[in-house]
file upload_19.cif (mmCIF, C-alpha atoms)
data_input
#
loop_
_atom_site.label_atom_id
_atom_site.label_comp_id
_atom_site.auth_asym_id
_atom_site.auth_seq_id
_atom_site.Cartn_x
_atom_site.Cartn_y
_atom_site.Cartn_z
CA MET A 1 -17.58 -31.39 -7.45
CA LEU A 2 -16.54 -32.44 -3.93
CA LYS A 3 -14.43 -35.49 -3.20
CA ILE A 4 -13.38 -36.48 0.30
CA GLU A 5 -10.96 -39.35 0.68
CA ASN A 6 -9.97 -41.06 3.90
CA LEU A 7 -10.48 -37.92 6.00
CA GLY A 8 -9.50 -38.00 9.66
CA HIS A 9 -8.96 -35.46 12.41
CA ARG A 10 -7.97 -35.72 16.04
CA PHE A 11 -7.71 -33.52 19.10
CA ASP A 12 -6.08 -34.17 22.48
CA GLN A 13 -8.47 -36.98 23.39
CA GLY A 14 -7.88 -38.96 20.23
CA TRP A 15 -9.43 -39.35 16.81
CA LEU A 16 -12.64 -37.41 16.31
CA PHE A 17 -13.35 -39.19 13.04
CA ARG A 18 -11.25 -41.26 10.70
CA HIS A 19 -11.38 -43.04 7.33
CA VAL A 20 -14.27 -40.88 6.11
CA SER A 21 -14.82 -40.79 2.36
CA ALA A 22 -17.62 -39.19 0.38
CA GLU A 23 -18.36 -37.73 -3.01
CA VAL A 24 -21.00 -35.15 -3.90
CA GLU A 25 -21.92 -34.04 -7.39
CA SER A 26 -23.46 -30.73 -8.40
CA GLY A 27 -27.06 -30.67 -7.17
CA GLY A 28 -26.34 -33.22 -4.44
CA ARG A 29 -27.25 -32.66 -0.80
CA LEU A 30 -25.00 -34.44 1.69
CA LEU A 31 -26.34 -34.56 5.24
CA ILE A 32 -23.79 -35.00 8.02
CA SER A 33 -25.40 -36.37 11.16
CA GLY A 34 -24.18 -37.80 14.43
CA ARG A 35 -24.32 -37.30 18.16
CA ASN A 36 -23.08 -34.10 19.81
CA GLY A 37 -19.28 -33.99 19.77
CA SER A 38 -18.96 -36.51 16.94
CA GLY A 39 -17.07 -33.98 14.81
CA LYS A 40 -19.74 -32.68 12.43
CA SER A 41 -18.61 -29.06 12.67
CA THR A 42 -14.93 -30.01 12.50
CA PHE A 43 -15.70 -32.07 9.40
CA LEU A 44 -17.44 -29.10 7.76
CA ARG A 45 -14.62 -26.71 8.75
CA SER A 46 -12.16 -29.08 7.09
CA ILE A 47 -14.15 -29.05 3.85
CA ALA A 48 -14.44 -25.25 4.03
CA GLY A 49 -10.65 -25.03 4.18
CA LEU A 50 -10.62 -23.49 7.66
CA LEU A 51 -8.92 -26.43 9.31
CA ILE A 52 -6.21 -28.76 8.09
CA PRO A 53 -7.31 -32.33 8.78
CA ARG A 54 -4.76 -34.70 10.28
CA GLU A 55 -5.09 -37.10 7.38
CA GLY A 56 -6.96 -37.53 4.14
CA GLU A 57 -7.60 -35.47 1.05
CA ILE A 58 -10.32 -33.03 0.07
CA ILE A 59 -10.90 -31.93 -3.50
CA ALA A 60 -13.30 -29.00 -3.35
CA PRO A 61 -14.32 -26.34 -5.87
CA GLU A 62 -12.76 -22.89 -5.71
CA ARG A 63 -15.88 -20.98 -4.69
CA VAL A 64 -17.18 -22.27 -1.38
CA GLY A 65 -19.81 -20.59 0.80
CA TYR A 66 -19.77 -21.44 4.50
CA SER A 67 -22.23 -20.61 7.24
CA ALA A 68 -22.16 -22.01 10.76
CA LEU A 69 -23.93 -21.52 14.04
CA ASP A 70 -20.69 -20.70 15.91
CA LEU A 71 -19.52 -18.26 13.26
CA ASN A 72 -19.95 -14.69 14.49
CA VAL A 73 -20.43 -11.44 12.61
CA TYR A 74 -18.82 -8.10 13.49
CA PRO A 75 -21.01 -6.48 16.15
CA HIS A 76 -20.06 -2.92 15.11
CA LEU A 77 -20.75 -3.27 11.39
CA THR A 78 -24.09 -3.15 9.59
CA ALA A 79 -25.33 -5.98 7.38
CA SER A 80 -24.55 -3.92 4.23
CA GLU A 81 -21.04 -3.18 5.48
CA HIS A 82 -20.46 -6.90 6.02
CA LEU A 83 -21.46 -7.59 2.42
CA GLU A 84 -19.31 -4.72 1.10
CA PHE A 85 -16.31 -5.87 3.15
CA SER A 86 -16.60 -9.51 2.10
CA ALA A 87 -17.13 -8.54 -1.57
CA LEU A 88 -13.95 -6.47 -1.63
CA LEU A 89 -11.95 -9.26 -0.02
CA ARG A 90 -13.35 -11.90 -2.39
CA GLY A 91 -13.27 -9.71 -5.49
CA VAL A 92 -17.00 -9.97 -6.27
CA LYS A 93 -19.76 -7.35 -6.68
CA PRO A 94 -21.11 -6.24 -3.27
CA GLU A 95 -24.82 -5.85 -4.26
CA PRO A 96 -25.90 -5.59 -0.60
CA THR A 97 -29.52 -4.71 -1.39
CA LYS A 98 -29.95 -7.80 -3.56
CA TRP A 99 -28.45 -10.23 -1.05
CA LEU A 100 -30.19 -8.72 1.96
CA SER A 101 -33.58 -8.88 0.26
CA GLN A 102 -32.90 -12.52 -0.67
CA VAL A 103 -32.57 -13.44 3.00
CA GLY A 104 -35.35 -11.16 4.24
CA LEU A 105 -33.13 -8.51 5.80
CA GLU A 106 -34.01 -5.64 3.45
CA ASN A 107 -35.39 -3.51 6.29
CA VAL A 108 -32.38 -3.62 8.62
CA ASN A 109 -30.09 -1.31 6.66
CA GLY A 110 -28.17 0.98 8.98
CA LYS A 111 -28.72 -1.21 12.02
CA LEU A 112 -25.54 -2.50 13.67
CA CYS A 113 -25.27 -6.27 14.02
CA ASN A 114 -25.01 -6.06 17.81
CA ALA A 115 -28.74 -5.22 17.68
CA PHE A 116 -29.51 -8.30 15.55
CA SER A 117 -31.25 -11.37 16.92
CA THR A 118 -29.60 -14.78 16.52
CA GLY A 119 -31.96 -15.55 13.63
CA MET A 120 -31.11 -12.30 11.84
CA ARG A 121 -27.40 -13.04 12.21
CA ALA A 122 -28.02 -16.50 10.77
CA ARG A 123 -29.75 -14.93 7.75
CA LEU A 124 -26.84 -12.50 7.26
CA LYS A 125 -24.38 -15.41 7.35
CA ILE A 126 -26.44 -17.18 4.67
CA ALA A 127 -26.32 -14.01 2.52
CA LEU A 128 -22.54 -13.82 3.00
CA ALA A 129 -22.17 -17.48 2.05
CA LEU A 130 -24.25 -17.02 -1.11
CA GLN A 131 -22.61 -13.74 -2.16
CA CYS A 132 -19.56 -15.37 -3.78
CA LYS A 133 -21.91 -17.44 -6.01
CA PRO A 134 -20.52 -20.68 -4.59
CA GLU A 135 -20.35 -24.01 -6.35
CA LEU A 136 -20.37 -25.69 -2.94
CA LEU A 137 -22.42 -24.50 0.02
CA ILE A 138 -21.50 -25.70 3.51
CA LEU A 139 -24.12 -25.15 6.19
CA ASP A 140 -23.67 -26.13 9.83
CA GLU A 141 -27.06 -26.47 11.58
CA PRO A 142 -28.78 -24.33 8.91
CA THR A 143 -32.23 -24.21 10.52
CA ALA A 144 -31.15 -23.75 14.14
CA SER A 145 -32.34 -20.43 15.64
CA LEU A 146 -34.50 -19.64 12.58
CA ASP A 147 -38.22 -18.89 12.67
CA ASP A 148 -40.73 -20.39 10.21
CA ALA A 149 -39.93 -17.77 7.54
CA GLY A 150 -36.21 -18.47 8.01
CA ARG A 151 -36.80 -22.21 7.65
CA GLU A 152 -38.70 -21.52 4.43
CA LEU A 153 -35.68 -19.54 3.21
CA ILE A 154 -33.39 -22.50 3.89
CA ASP A 155 -35.92 -24.80 2.23
CA SER A 156 -35.90 -22.55 -0.85
CA ILE A 157 -32.07 -22.57 -0.97
CA MET A 158 -31.94 -26.34 -0.57
CA THR A 159 -34.50 -26.77 -3.34
CA ASN A 160 -33.24 -24.21 -5.84
CA PHE A 161 -29.47 -23.97 -5.31
CA GLY A 162 -27.76 -25.47 -8.34
CA GLY A 163 -24.48 -26.47 -6.73
CA ALA A 164 -23.70 -29.07 -4.10
CA VAL A 165 -24.66 -28.60 -0.46
CA VAL A 166 -23.03 -30.28 2.54
CA TYR A 167 -24.95 -29.62 5.74
CA ALA A 168 -24.88 -30.86 9.30
CA SER A 169 -28.05 -31.29 11.27
CA ASN A 170 -29.74 -33.52 13.81
CA ASP A 171 -33.20 -32.13 13.03
CA GLU A 172 -35.44 -34.79 11.54
CA HIS A 173 -37.15 -32.20 9.31
CA ASP A 174 -33.82 -31.30 7.68
CA ARG A 175 -33.39 -34.89 6.49
CA ARG A 176 -35.85 -34.34 3.62
CA TRP A 177 -33.33 -32.46 1.46
CA ALA A 178 -30.60 -35.10 1.71
CA THR A 179 -29.57 -37.11 -1.33
CA HIS A 180 -26.81 -38.77 0.72
CA GLU A 181 -26.19 -39.12 4.44
CA LEU A 182 -22.97 -39.54 6.35
CA VAL A 183 -23.19 -40.50 10.03
CA LEU A 184 -20.14 -39.52 12.07
CA MET B 185 1.85 -9.55 -4.35
CA ASN B 186 0.44 -7.56 -1.45
CA SER B 187 0.22 -3.83 -1.90
CA PHE B 188 -0.94 -1.14 0.48
CA PHE B 189 -3.03 0.19 -2.38
CA SER B 190 -4.94 -3.01 -3.16
CA PRO B 191 -8.75 -2.92 -2.66
CA GLN B 192 -8.47 -5.76 -0.10
CA VAL B 193 -6.07 -3.79 2.11
CA LYS B 194 -8.29 -0.71 1.76
CA ALA B 195 -11.35 -2.80 2.71
CA CYS B 196 -9.62 -4.08 5.87
CA LEU B 197 -8.46 -0.59 6.79
CA ILE B 198 -11.99 0.82 6.37
CA LYS B 199 -13.46 -2.06 8.38
CA GLU B 200 -11.00 -1.49 11.25
CA TRP B 201 -11.69 2.23 11.11
CA ARG B 202 -15.48 1.72 11.31
CA VAL B 203 -15.19 -0.76 14.17
CA GLU B 204 -12.90 1.58 16.12
CA ALA B 205 -15.04 4.64 15.39
CA ARG B 206 -18.09 2.85 16.81
CA SER B 207 -16.59 0.85 19.67
CA ARG B 208 -13.76 3.30 20.57
CA GLN B 209 -12.07 0.47 22.47
CA GLY B 210 -8.56 1.26 21.27
CA LEU B 211 -9.06 4.97 21.79
CA PHE B 212 -10.29 4.55 25.37
CA VAL B 213 -7.55 2.09 26.28
CA SER B 214 -4.81 4.27 24.73
CA ALA B 215 -6.17 7.49 26.22
CA LEU B 216 -6.67 5.99 29.67
CA PHE B 217 -3.24 4.41 29.84
CA GLY B 218 -1.43 7.30 28.10
CA PHE B 219 -2.88 10.10 30.18
CA MET B 220 -2.61 8.17 33.45
CA ALA B 221 1.07 7.60 32.68
CA LEU B 222 1.54 11.28 31.77
CA ALA B 223 -0.15 12.35 35.00
CA ALA B 224 2.04 9.99 37.06
CA VAL B 225 5.19 11.29 35.39
CA ASN B 226 4.04 14.88 35.87
CA PHE B 227 3.42 14.40 39.61
CA SER B 228 6.73 12.65 40.16
CA THR B 229 8.74 15.34 38.33
CA MET B 230 7.00 18.41 39.81
CA ILE B 231 9.85 19.35 42.13
CA THR B 232 12.86 17.96 40.29
CA VAL B 233 13.14 18.45 36.54
CA PRO B 234 14.51 15.20 35.07
CA ALA B 235 17.64 14.98 32.93
CA PRO B 236 17.04 14.83 29.13
CA GLY B 237 17.95 11.13 29.05
CA LEU B 238 15.43 10.28 31.77
CA ALA B 239 12.74 12.45 30.15
CA ALA B 240 13.35 10.63 26.86
CA GLY B 241 13.20 7.24 28.58
CA LEU B 242 9.89 7.97 30.28
CA LEU B 243 8.26 9.06 27.02
CA ALA B 244 9.63 6.03 25.16
CA VAL B 245 8.21 3.68 27.79
CA ILE B 246 4.81 5.45 27.75
CA LEU B 247 4.53 5.24 23.94
CA ILE B 248 5.55 1.58 23.76
CA PHE B 249 3.20 0.55 26.56
CA VAL B 250 0.30 2.47 25.02
CA ALA B 251 0.85 0.45 21.83
CA THR B 252 1.16 -2.76 23.87
CA VAL B 253 -2.28 -2.35 25.44
CA ALA B 254 -4.03 -1.22 22.22
CA VAL B 255 -2.51 -2.98 19.19
CA PRO B 256 -2.70 -6.75 19.93
CA ARG B 257 -6.49 -6.36 20.29
CA ILE B 258 -6.71 -5.54 16.55
CA PHE B 259 -5.64 -9.11 15.73
CA LEU B 260 -6.53 -11.20 18.78
CA ALA B 261 -10.08 -9.84 19.06
CA GLU B 262 -10.95 -11.55 15.75
CA ASP B 263 -10.45 -14.98 17.27
CA GLU B 264 -11.99 -14.05 20.62
CA GLN B 265 -15.19 -12.60 19.17
CA GLY B 266 -15.50 -15.52 16.72
CA THR B 267 -15.07 -13.52 13.49
CA PHE B 268 -11.69 -14.97 12.51
CA ASP B 269 -13.31 -17.77 10.47
CA LEU B 270 -15.40 -15.17 8.68
CA VAL B 271 -12.40 -13.18 7.49
CA ARG B 272 -10.34 -16.32 6.82
CA GLN B 273 -12.89 -17.69 4.37
CA TRP B 274 -13.14 -14.37 2.55
CA GLY B 275 -9.68 -13.02 2.20
CA ALA B 276 -6.05 -13.74 1.68
CA SER B 277 -3.94 -13.41 4.78
CA GLY B 278 -1.55 -10.79 3.36
CA PRO B 279 -4.08 -8.02 2.67
CA VAL B 280 -5.83 -8.67 5.99
CA PHE B 281 -2.51 -8.36 7.85
CA LEU B 282 -1.52 -5.23 5.95
CA GLY B 283 -4.92 -3.58 6.46
CA LYS B 284 -4.80 -4.20 10.18
CA ALA B 285 -1.13 -3.19 10.44
CA LEU B 286 -1.81 0.00 8.51
CA PHE B 287 -4.69 0.87 10.83
CA GLY B 288 -2.52 0.16 13.90
CA ALA B 289 0.32 2.28 12.49
CA ILE B 290 -1.96 5.26 11.76
CA PHE B 291 -3.61 4.97 15.17
CA GLN B 292 -0.38 4.61 17.15
CA GLY B 293 1.47 7.17 15.03
CA GLY B 294 -1.30 9.64 15.91
CA ALA B 295 -1.22 8.57 19.56
CA GLY B 296 2.58 9.08 19.62
CA PHE B 297 2.27 12.55 18.10
CA ILE B 298 -0.49 13.69 20.51
CA LEU B 299 1.00 12.11 23.64
CA GLY B 300 4.39 13.61 22.68
CA LEU B 301 2.86 17.08 22.53
CA PHE B 302 1.15 16.68 25.92
CA TYR B 303 4.31 15.19 27.41
CA SER B 304 6.45 18.11 26.23
CA GLY B 305 4.10 20.49 27.99
CA MET B 306 4.09 18.54 31.26
CA ILE B 307 7.61 17.24 31.79
CA GLY B 308 9.36 20.60 32.26
CA VAL B 309 12.33 19.72 30.06
CA PRO B 310 12.50 22.13 27.10
CA VAL B 311 12.40 20.58 23.62
CA VAL B 312 15.28 22.06 21.61
CA ASN B 313 14.58 20.26 18.33
CA TRP B 314 10.81 20.13 17.69
CA PRO B 315 10.87 18.40 14.28
CA LEU B 316 13.08 15.64 15.67
CA PHE B 317 10.91 15.31 18.80
CA LEU B 318 7.69 14.94 16.80
CA VAL B 319 9.25 12.58 14.24
CA MET B 320 10.64 10.39 17.02
CA SER B 321 7.34 10.31 18.99
CA THR B 322 5.35 9.43 15.88
CA LEU B 323 7.89 6.94 14.51
CA LEU B 324 8.21 5.19 17.87
CA GLY B 325 4.41 4.74 17.93
CA ILE B 326 4.41 3.34 14.38
CA ALA B 327 7.39 1.01 14.94
CA SER B 328 5.89 -0.31 18.21
CA SER B 329 2.57 -0.89 16.49
CA ASN B 330 4.08 -2.81 13.56
CA VAL B 331 6.25 -4.97 15.83
CA LEU B 332 3.18 -5.77 17.94
CA CYS B 333 1.15 -6.57 14.81
CA LEU B 334 3.79 -9.12 13.84
CA THR B 335 3.87 -10.55 17.36
CA SER B 336 0.08 -10.79 17.52
CA THR B 337 -0.02 -12.55 14.15
CA MET B 338 2.50 -15.13 15.37
CA VAL B 339 0.29 -16.10 18.31
CA MET B 340 -3.21 -15.48 16.97
CA THR B 341 -4.26 -19.15 16.75
CA ALA B 342 -2.65 -20.23 20.03
CA SER B 343 -4.95 -21.00 22.96
CA ASN B 344 -2.76 -19.03 25.43
CA ARG B 345 -2.22 -16.20 22.97
CA TRP B 346 -2.06 -13.29 25.43
CA VAL B 347 0.73 -14.92 27.45
CA LEU B 348 2.59 -15.88 24.28
CA ALA B 349 2.18 -12.36 22.87
CA SER B 350 3.88 -10.94 25.97
CA VAL B 351 6.70 -13.47 25.85
CA VAL B 352 7.38 -13.02 22.13
CA GLY B 353 6.79 -9.25 22.17
CA LEU B 354 9.15 -8.39 25.03
CA PRO B 355 12.48 -9.11 23.30
CA LEU B 356 11.24 -7.49 20.09
CA LEU B 357 10.11 -4.32 21.88
CA PHE B 358 13.19 -4.00 24.08
CA PRO B 359 15.44 -2.47 21.37
CA LEU B 360 12.73 0.08 20.60
CA ILE B 361 13.13 1.56 24.08
CA PHE B 362 16.87 2.15 23.47
CA LEU B 363 16.28 3.52 19.98
CA GLY B 364 13.50 5.77 21.27
CA ILE B 365 15.67 7.12 24.07
CA GLY B 366 18.58 7.60 21.64
CA GLY B 367 16.59 9.89 19.36
CA LEU B 368 14.34 11.61 21.90
CA LYS B 369 17.13 12.69 24.23
CA VAL B 370 18.79 14.52 21.32
CA SER B 371 15.54 16.45 20.84
CA PHE B 372 15.81 17.43 24.52
CA GLY B 373 19.35 18.75 23.88
CA ASP B 374 21.49 15.78 24.97
CA GLY B 375 23.78 14.33 22.28
CA GLY B 376 24.52 14.90 18.61
CA MET B 377 22.35 14.49 15.55
CA GLU B 378 24.38 11.49 14.29
CA GLY B 379 22.91 9.34 17.06
CA ALA B 380 19.42 10.66 16.32
CA TYR B 381 19.75 9.81 12.62
CA GLN B 382 20.90 6.29 13.50
CA SER B 383 17.91 5.88 15.82
CA ILE B 384 15.52 7.12 13.12
CA ALA B 385 17.04 4.76 10.53
CA ALA B 386 16.77 1.80 12.91
CA LEU B 387 13.18 2.70 13.86
CA VAL B 388 12.23 2.92 10.17
CA GLY B 389 13.69 -0.57 9.80
CA TYR B 390 11.64 -1.78 12.76
CA ALA B 391 8.55 -0.21 11.20
CA VAL B 392 9.11 -1.68 7.72
CA VAL B 393 10.44 -5.21 8.39
CA PRO B 394 7.26 -6.47 10.13
CA LEU B 395 5.24 -5.37 7.08
CA GLY B 396 7.34 -7.72 4.96
CA LEU B 397 7.38 -10.61 7.43
CA GLY B 398 3.79 -10.29 8.68
CA PRO B 399 1.99 -11.48 5.54
CA MET B 400 4.25 -14.55 5.40
CA VAL B 401 3.61 -15.39 9.06
CA ALA B 402 -0.13 -14.81 8.60
CA GLN B 403 -0.16 -17.07 5.53
CA SER B 404 1.45 -19.94 7.43
CA LEU B 405 -1.13 -19.67 10.24
CA TRP B 406 -4.16 -18.89 8.09
CA THR B 407 -5.47 -22.44 8.21
CA GLU B 408 -5.92 -23.77 11.69
CA ARG B 409 -3.59 -26.50 12.93
CA ARG B 410 -4.92 -27.10 16.40
CA ASP B 411 -3.88 -30.63 16.99
CA PRO B 412 -1.20 -32.04 19.26
CA GLY B 413 0.26 -34.43 16.70
CA GLN B 414 -0.47 -37.55 18.71
CA ASN B 415 0.57 -40.97 17.67
CA PRO B 416 -2.44 -42.53 15.90
CA ASP B 417 -1.35 -45.99 16.98
CA LEU B 418 -1.86 -45.29 20.67
CA PRO B 419 -4.49 -47.60 22.22
CA GLN B 420 -6.71 -44.71 23.44
CA ASN B 421 -6.93 -43.41 19.90
CA LYS B 422 -7.74 -46.80 18.41
CA ASP B 423 -10.61 -47.11 20.90
CA ARG B 424 -12.22 -44.01 19.43
CA LEU B 425 -12.48 -45.40 15.93
#
call {"tool": "encode", "arguments": {"input": "upload_19.cif", "output": "C-alpha cells"}}
result
Amino acid sequence: MLKIENLGHRFDQGWLFRHVSAEVESGGRLLISGRNGSGKSTFLRSIAGLLIPREGEIIAPERVGYSALDLNVYPHLTASEHLEFSALLRGVKPEPTKWLSQVGLENVNGKLCNAFSTGMRARLKIALALQCKPELLILDEPTASLDDAGRELIDSIMTNFGGAVVYASNDEHDRRWATHELVL
Amino acid sequence: MNSFFSPQVKACLIKEWRVEARSRQGLFVSALFGFMALAAVNFSTMITVPAPGLAAGLLAVILIFVATVAVPRIFLAEDEQGTFDLVRQWGASGPVFLGKALFGAIFQGGAGFILGLFYSGMIGVPVVNWPLFLVMSTLLGIASSNVLCLTSTMVMTASNRWVLASVVGLPLLFPLIFLGIGGLKVSFGDGGMEGAYQSIAALVGYAVVPLGLGPMVAQSLWTERRDPGQNPDLPQNKDRL
C-alpha cells in the first residue's frame, strides 16, 4: 500500500529528518508524532506528493486524500462549489450533498467559506479528502480545532475507513487508532 | 494533452469567474488603475492634443500596466491564501494554468476593449480606423495577460515571488509596448496598414506562445522544491540527525 524508504528532507538549517523508513498496509493506521518543528507536516506533504523530498523513495497508491491544518479553502466559494471543482479536476462524481452530509455540513449549502469556522473548514477538507475514494488517507492534526461531534467523525473515519491512514498528532487521545507509530 | 475544452480547464475558468464575481478584486484594481491613468492623461492633454504616436503610446502603457496590477494575482494569490496545495493535489498543472490564463485573457481583453473606448473619447485624437483600434486594444490586453500568466507561473513557488515577477516580466512586456504603439498609431492615422498587420501578427504570437509554454513551466514547478541543496556532509547538518 504505502512504502517509505530512507526518506530525508532538509531546509536551510539542515536535515529536518533523515533515514526514515516505514510500511503501511491497507487498514493500517500510522501515527507520526514528534515535537513541534520535527518535520511531521513536511513528512506528510512528501507522502501526499506535494513536496519532493531531498532523498529517499515513496511508493504510494494513486488515489490519495490529504487534509491538513494549514491547508486553506477558497474563501469565496461555497462548500458545494469546492466539491464540484475538485471532482471536475480529479475526474470523479461531485455528489456534494452526500459528502457534505457525511461530515455534518449538510445545512451550510450556499454559505461562502469565509463565513465558516475553523472546525467547519476542517470538516470540508475531510470531505474533499474522502471524495476521491482514496486508498491512502493523510491527515495532519485531524482532531485539532474540532468539537466533540467533529472528533466523533474522525473516530468513525479511523474506525471504518478501509484503506491505510497516515496521520500526525501529538494528542494522546489520537494514539488509540494507531497500529504503528513513527516518532520524528 | 491539454485542451481549452477539457472539463478541467472549464472547472478552473468557472472557479476563477466565481471568485472574481464575489471578491471583485481584479475588477476594482483594474478599474481604479485604468480610470486614474485615463484621468491623468486627459488632464495633461487638455490644452495640447498629442500626436498619434504619443496617443498610441499612452494607451499601450495604460493597458499593459492594468494587466500588470491585475493578472499576477490570479496565480500568486493561490500560494498566499494557502489554497495552492489544495489545487495541486486535485489537478494536473496544465488545465489549471490554461483555466487561469483563459480567465485572465477574457478579463484583460474586456478591460482593453472598454478602456480603449473610454480613452478614444478622452484623448482628443480622432480614431480613423475603429476596427483596428478595437482589435489592437483588446489584443494588447490579451497578450499582456498571457505573458503575465507565464511570468507568474515561473515564480509562483519562489519566496520573493513579487520581486521576481517584476524582474522576469519587464523584458517580456517591453516588446508589447512597441507592438502596441505600432498598431494603435495606425488606427489614429499615422502609418500604413502593413505595420499594423505586423503588429497584430506579433501580438497574436505573444498571446499564443505563453499558452503553449505555460503548462510545461507549471508542470515543472507543480511539486515544491523549496530546499537550498546544501551539502549533507556539513557538520551542522550531521548534528541534526
call {"tool": "closest_atom_pairs", "arguments": {"input": "upload_19.cif", "of": "chain A", "to": "chain B", "cutoff": "10 Å", "atoms": "only C-alpha atoms", "output": "Markdown table"}}
result
| residue | atom | partner | partner_atom | distance |
| --- | --- | --- | --- | --- |
| A:His9 | CA | B:Asp411 | CA | 8.4 |
| A:Arg10 | CA | B:Asp411 | CA | 6.6 |
| A:Phe11 | CA | B:Asp411 | CA | 5.2 |
| A:Asp12 | CA | B:Pro412 | CA | 6.2 |
| A:Gln13 | CA | B:Asn421 | CA | 7.5 |
| A:Gly14 | CA | B:Asn421 | CA | 4.6 |
| A:Trp15 | CA | B:Asn421 | CA | 5.7 |
| A:Leu16 | CA | B:Arg424 | CA | 7.3 |
| A:Phe17 | CA | B:Leu425 | CA | 6.9 |
| A:Arg18 | CA | B:Leu425 | CA | 6.8 |
| A:His19 | CA | B:Leu425 | CA | 9.0 |
| A:Arg45 | CA | B:Asp269 | CA | 9.2 |
| A:Ser46 | CA | B:Glu408 | CA | 9.4 |
| A:Ala48 | CA | B:Gln273 | CA | 7.7 |
| A:Gly49 | CA | B:Thr407 | CA | 7.1 |
| A:Leu50 | CA | B:Thr407 | CA | 5.3 |
| A:Leu51 | CA | B:Glu408 | CA | 4.7 |
| A:Ile52 | CA | B:Arg409 | CA | 5.9 |
| A:Pro53 | CA | B:Arg409 | CA | 8.1 |
| A:Arg54 | CA | B:Asp411 | CA | 7.9 |
| A:Val64 | CA | B:Gln273 | CA | 8.5 |
| A:Gly65 | CA | B:Gln273 | CA | 8.3 |
| A:Tyr66 | CA | B:Gln273 | CA | 7.8 |
| A:Ser67 | CA | B:Leu270 | CA | 8.8 |
| A:Ala68 | CA | B:Asp269 | CA | 9.8 |
| A:Asp70 | CA | B:Gly266 | CA | 7.4 |
| A:Leu71 | CA | B:Gly266 | CA | 6.0 |
| A:Asn72 | CA | B:Gly266 | CA | 5.0 |
| A:Val73 | CA | B:Thr267 | CA | 5.8 |
| A:Tyr74 | CA | B:Thr267 | CA | 6.6 |
| A:Pro75 | CA | B:Val203 | CA | 8.4 |
| A:His76 | CA | B:Val203 | CA | 5.4 |
| A:Leu77 | CA | B:Val203 | CA | 6.7 |
| A:Glu81 | CA | B:Lys199 | CA | 8.2 |
| A:His82 | CA | B:Lys199 | CA | 8.8 |
| A:Glu84 | CA | B:Ala195 | CA | 8.3 |
| A:Phe85 | CA | B:Ala195 | CA | 5.8 |
| A:Ser86 | CA | B:Trp274 | CA | 6.0 |
| A:Ala87 | CA | B:Trp274 | CA | 8.2 |
| A:Leu88 | CA | B:Gln192 | CA | 5.7 |
| A:Leu89 | CA | B:Gly275 | CA | 4.9 |
| A:Arg90 | CA | B:Trp274 | CA | 5.5 |
| A:Gly91 | CA | B:Gln192 | CA | 8.2 |
| A:Leu112 | CA | B:Arg206 | CA | 9.7 |
| A:Lys125 | CA | B:Leu270 | CA | 9.1 |
| A:Leu128 | CA | B:Leu270 | CA | 9.2 |
| A:Ala129 | CA | B:Trp274 | CA | 9.6 |
| A:Cys132 | CA | B:Trp274 | CA | 9.1 |
call {"tool": "atom_distance", "arguments": {"input": "upload_19.cif", "atom1": "atom CA of Ile246 of chain B", "atom2": "atom CA of Gly218 of chain B"}}
result
6.5 Å
call {"tool": "resolve_selection", "arguments": {"input": "upload_19.cif", "expression": "the PyMOL selection byres ((chain A and resi 165-179) around 8)", "output": "list in words"}}
result
Gly27, Gly28, Arg29, Leu30, Leu31, Ile32, Ser33, Gly34, Arg35, Lys40, Ser41, Leu44, Leu136, Leu137, Ile138, Leu139, Asp140, Glu141, Pro142, Thr143, Met158, Thr159, Gly163, Ala164, His180 and Glu181 of chain A
call {"tool": "residues_near_point", "arguments": {"input": "upload_19.cif", "point": "(14.0, -0.4, 20.8)", "cutoff": "12 Å", "atoms": "only C-alpha atoms", "output": "MDAnalysis selection string"}}
result
chainID B and resid 241 244:245 247:248 320 323:325 327:328 331 353:367 383:391
call {"tool": "residues_around", "arguments": {"input": "upload_19.cif", "residues": "Glu57 of chain A", "least_positions_apart": "6", "cutoff": "12 Å", "atoms": "all atoms listed in the file", "output": "VMD selection string"}}
result
chain A and resid 2 to 9 18 to 23 46 to 47 49
call {"tool": "closest_residue", "arguments": {"input": "upload_19.cif", "among": "A:Gly39, A:Gly56, A:Pro134, A:Gly150", "to": "Gln102 of chain A", "atoms": "only C-alpha atoms"}}
result
A:Gly150
call {"tool": "resolve_selection", "arguments": {"input": "upload_19.cif", "expression": "the PyMOL selection byres ((chain B and resi 402) around 8)", "output": "list in words"}}
result
Ser277, Gly278, Phe281, Thr337, Met338, Gly398, Pro399, Met400, Val401, Gln403, Ser404, Leu405 and Trp406 of chain B
call {"tool": "atom_distance", "arguments": {"input": "upload_19.cif", "atom1": "atom CA of Ser371 of chain B", "atom2": "atom CA of Pro236 of chain B"}}
result
8.6 Å
call {"tool": "decode", "arguments": {"input": "upload_19.cif", "residues": "segment 28-34 of chain A", "atoms": "N, CA and C atoms", "output": "compact mmCIF listing (two decimals), in the first residue's frame"}}
result
# COMPACT_ATOMS: atom_id res chain seq x y z
N GLY A 28 -4.12 -0.25 7.88
CA GLY A 28 -3.16 0.19 8.90
C GLY A 28 -3.32 1.67 9.23
N ARG A 29 -2.93 2.03 10.44
CA ARG A 29 -3.02 3.42 10.89
C ARG A 29 -1.64 3.82 11.43
N LEU A 30 -0.91 4.62 10.67
CA LEU A 30 0.43 5.02 11.07
C LEU A 30 0.39 6.41 11.70
N LEU A 31 0.74 6.47 12.97
CA LEU A 31 0.77 7.75 13.68
C LEU A 31 2.18 8.35 13.58
N ILE A 32 2.24 9.61 13.15
CA ILE A 32 3.52 10.33 13.12
C ILE A 32 3.50 11.30 14.29
N SER A 33 4.42 11.14 15.20
CA SER A 33 4.47 12.04 16.35
C SER A 33 5.87 12.65 16.45
N GLY A 34 5.99 13.62 17.31
CA GLY A 34 7.27 14.31 17.48
C GLY A 34 7.03 15.72 17.95
